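Right, one structure below, let's go through it.
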Amino acid sequence: MKFPLFRYNYNWQYNGVAPYENIRLWCRENFGPEGPTAGNWMSAFETIYFVRQEDYSMFLLRWA
């Protein structure tokens with residue numbers, strides 16, 4: 001992977017609860033742009049990575 005994994009302390013593995021693109025769209029709407037330089041979250045290989053615990057907790061309340 002190209003992004004710095006050490007920065008992303010929280011992750012969630014896709015479980016089929018909803019279409020993956022819908023989940024990514026929800027993340028963009030709530031957490032801003034995706035990417036190692038643009039935002040605090042990133043998705044790769046059906047896993048979503050978070051920098052901040054607050055974002056991860058909010059995500060879990062919606063999708064877990």
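We name chains A, B, ... following the order of the structure tokens; residues begin at 1 in each chain, and ligands are numbered from 1 as shown.
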
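Every protein, DNA or RNA residue with an atom at most 10 Å from Tyr14 of chain A, where only C-alpha atoms count and chain neighbours fewer than 5 positions away do not, is listed here: Pro19, Tyr20, Ile23, Phe45, Glu46, Thr47, Ile48, Trp63 and Ala64 of chain A.
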
(message) If we count only C-alpha atoms and set the cut-off at 12 Å, which residues sit around Leu60 of chain A, ignoring sequence neighbours fewer than 5 positions away in its own chain? Please answer as a PyMOL selection string.
(response) chain A and resi 10-14+17+23+27+48+50+53-55

Can you list, as a PDB file with N, CA and C atoms, in the first residue's frame, all residues belonging to segment 4-58 of chain A that DSSP tags as alpha helix (DSSP H)?
```pdb
ATOM      1  N   TYR A  20     -20.435  -1.407  -0.838  1.00  0.00           N
ATOM      2  CA  TYR A  20     -19.200  -0.761  -0.385  1.00  0.00           C
ATOM      3  C   TYR A  20     -19.113   0.685  -0.847  1.00  0.00           C
ATOM      4  N   GLU A  21     -19.556   0.966  -2.046  1.00  0.00           N
ATOM      5  CA  GLU A  21     -19.512   2.346  -2.554  1.00  0.00           C
ATOM      6  C   GLU A  21     -20.438   3.261  -1.756  1.00  0.00           C
ATOM      7  N   ASN A  22     -21.552   2.751  -1.258  1.00  0.00           N
ATOM      8  CA  ASN A  22     -22.432   3.561  -0.415  1.00  0.00           C
ATOM      9  C   ASN A  22     -21.743   3.928   0.897  1.00  0.00           C
ATOM     10  N   ILE A  23     -20.983   2.996   1.446  1.00  0.00           N
ATOM     11  CA  ILE A  23     -20.256   3.247   2.683  1.00  0.00           C
ATOM     12  C   ILE A  23     -19.177   4.303   2.447  1.00  0.00           C
ATOM     13  N   ARG A  24     -18.446   4.186   1.345  1.00  0.00           N
ATOM     14  CA  ARG A  24     -17.410   5.179   1.020  1.00  0.00           C
ATOM     15  C   ARG A  24     -18.027   6.557   0.788  1.00  0.00           C
ATOM     16  N   LEU A  25     -19.179   6.615   0.130  1.00  0.00           N
ATOM     17  CA  LEU A  25     -19.866   7.886  -0.089  1.00  0.00           C
ATOM     18  C   LEU A  25     -20.268   8.507   1.242  1.00  0.00           C
ATOM     19  N   TRP A  26     -20.802   7.707   2.156  1.00  0.00           N
ATOM     20  CA  TRP A  26     -21.170   8.201   3.478  1.00  0.00           C
ATOM     21  C   TRP A  26     -19.949   8.762   4.199  1.00  0.00           C
ATOM     22  N   CYS A  27     -18.818   8.085   4.096  1.00  0.00           N
ATOM     23  CA  CYS A  27     -17.579   8.562   4.722  1.00  0.00           C
ATOM     24  C   CYS A  27     -17.138   9.893   4.130  1.00  0.00           C
ATOM     25  N   ARG A  28     -17.212  10.023   2.816  1.00  0.00           N
ATOM     26  CA  ARG A  28     -16.840  11.291   2.177  1.00  0.00           C
ATOM     27  C   ARG A  28     -17.751  12.430   2.642  1.00  0.00           C
ATOM     28  N   GLU A  29     -19.041  12.154   2.778  1.00  0.00           N
ATOM     29  CA  GLU A  29     -19.989  13.182   3.206  1.00  0.00           C
ATOM     30  C   GLU A  29     -19.776  13.590   4.654  1.00  0.00           C
ATOM     31  N   ASN A  30     -19.355  12.649   5.501  1.00  0.00           N
ATOM     32  CA  ASN A  30     -19.233  12.925   6.927  1.00  0.00           C
ATOM     33  C   ASN A  30     -17.819  13.251   7.394  1.00  0.00           C
ATOM     34  N   PHE A  31     -16.800  12.727   6.720  1.00  0.00           N
ATOM     35  CA  PHE A  31     -15.427  12.909   7.166  1.00  0.00           C
ATOM     36  C   PHE A  31     -14.577  13.721   6.193  1.00  0.00           C
ATOM     37  N   GLN A  53     -10.067   8.394  16.577  1.00  0.00           N
ATOM     38  CA  GLN A  53     -10.984   7.480  17.243  1.00  0.00           C
ATOM     39  C   GLN A  53     -12.423   7.982  17.155  1.00  0.00           C
ATOM     40  N   GLU A  54     -12.625   9.292  17.172  1.00  0.00           N
ATOM     41  CA  GLU A  54     -13.966   9.862  17.086  1.00  0.00           C
ATOM     42  C   GLU A  54     -14.638   9.485  15.770  1.00  0.00           C
ATOM     43  N   ASP A  55     -13.898   9.571  14.671  1.00  0.00           N
ATOM     44  CA  ASP A  55     -14.443   9.199  13.367  1.00  0.00           C
ATOM     45  C   ASP A  55     -14.762   7.711  13.319  1.00  0.00           C
ATOM     46  N   TYR A  56     -13.860   6.908  13.842  1.00  0.00           N
ATOM     47  CA  TYR A  56     -14.067   5.458  13.865  1.00  0.00           C
ATOM     48  C   TYR A  56     -15.307   5.103  14.682  1.00  0.00           C
ATOM     49  N   SER A  57     -15.493   5.727  15.833  1.00  0.00           N
ATOM     50  CA  SER A  57     -16.663   5.462  16.675  1.00  0.00           C
ATOM     51  C   SER A  57     -17.953   5.853  15.972  1.00  0.00           C
ATOM     52  N   MET A  58     -17.956   7.019  15.325  1.00  0.00           N
ATOM     53  CA  MET A  58     -19.134   7.461  14.576  1.00  0.00           C
ATOM     54  C   MET A  58     -19.454   6.481  13.451  1.00  0.00           C
TER      55      MET A  58
END
```

(request) State, in Å with one decimal place, the distance from atom CA of Asn9 of chain A to atom CA of Val51 of chain A. (result)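 Going from atom CA of Asn9 of chain A over to atom CA of Val51 of chain A, I get 5.8 Å.
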
(message) What does the structure give for the distance between atom CA of Arg52 of chain A and atom CA of Asn40 of chain A, in Å to one decimal?
(response) 6.8 Å

(request) Looking only at strand (DSSP E) from DSSP on the backbone, list the matching residues of chain A as an MDAnalysis selection string. (result) chainID A and resid 10:13 41:44 47:50
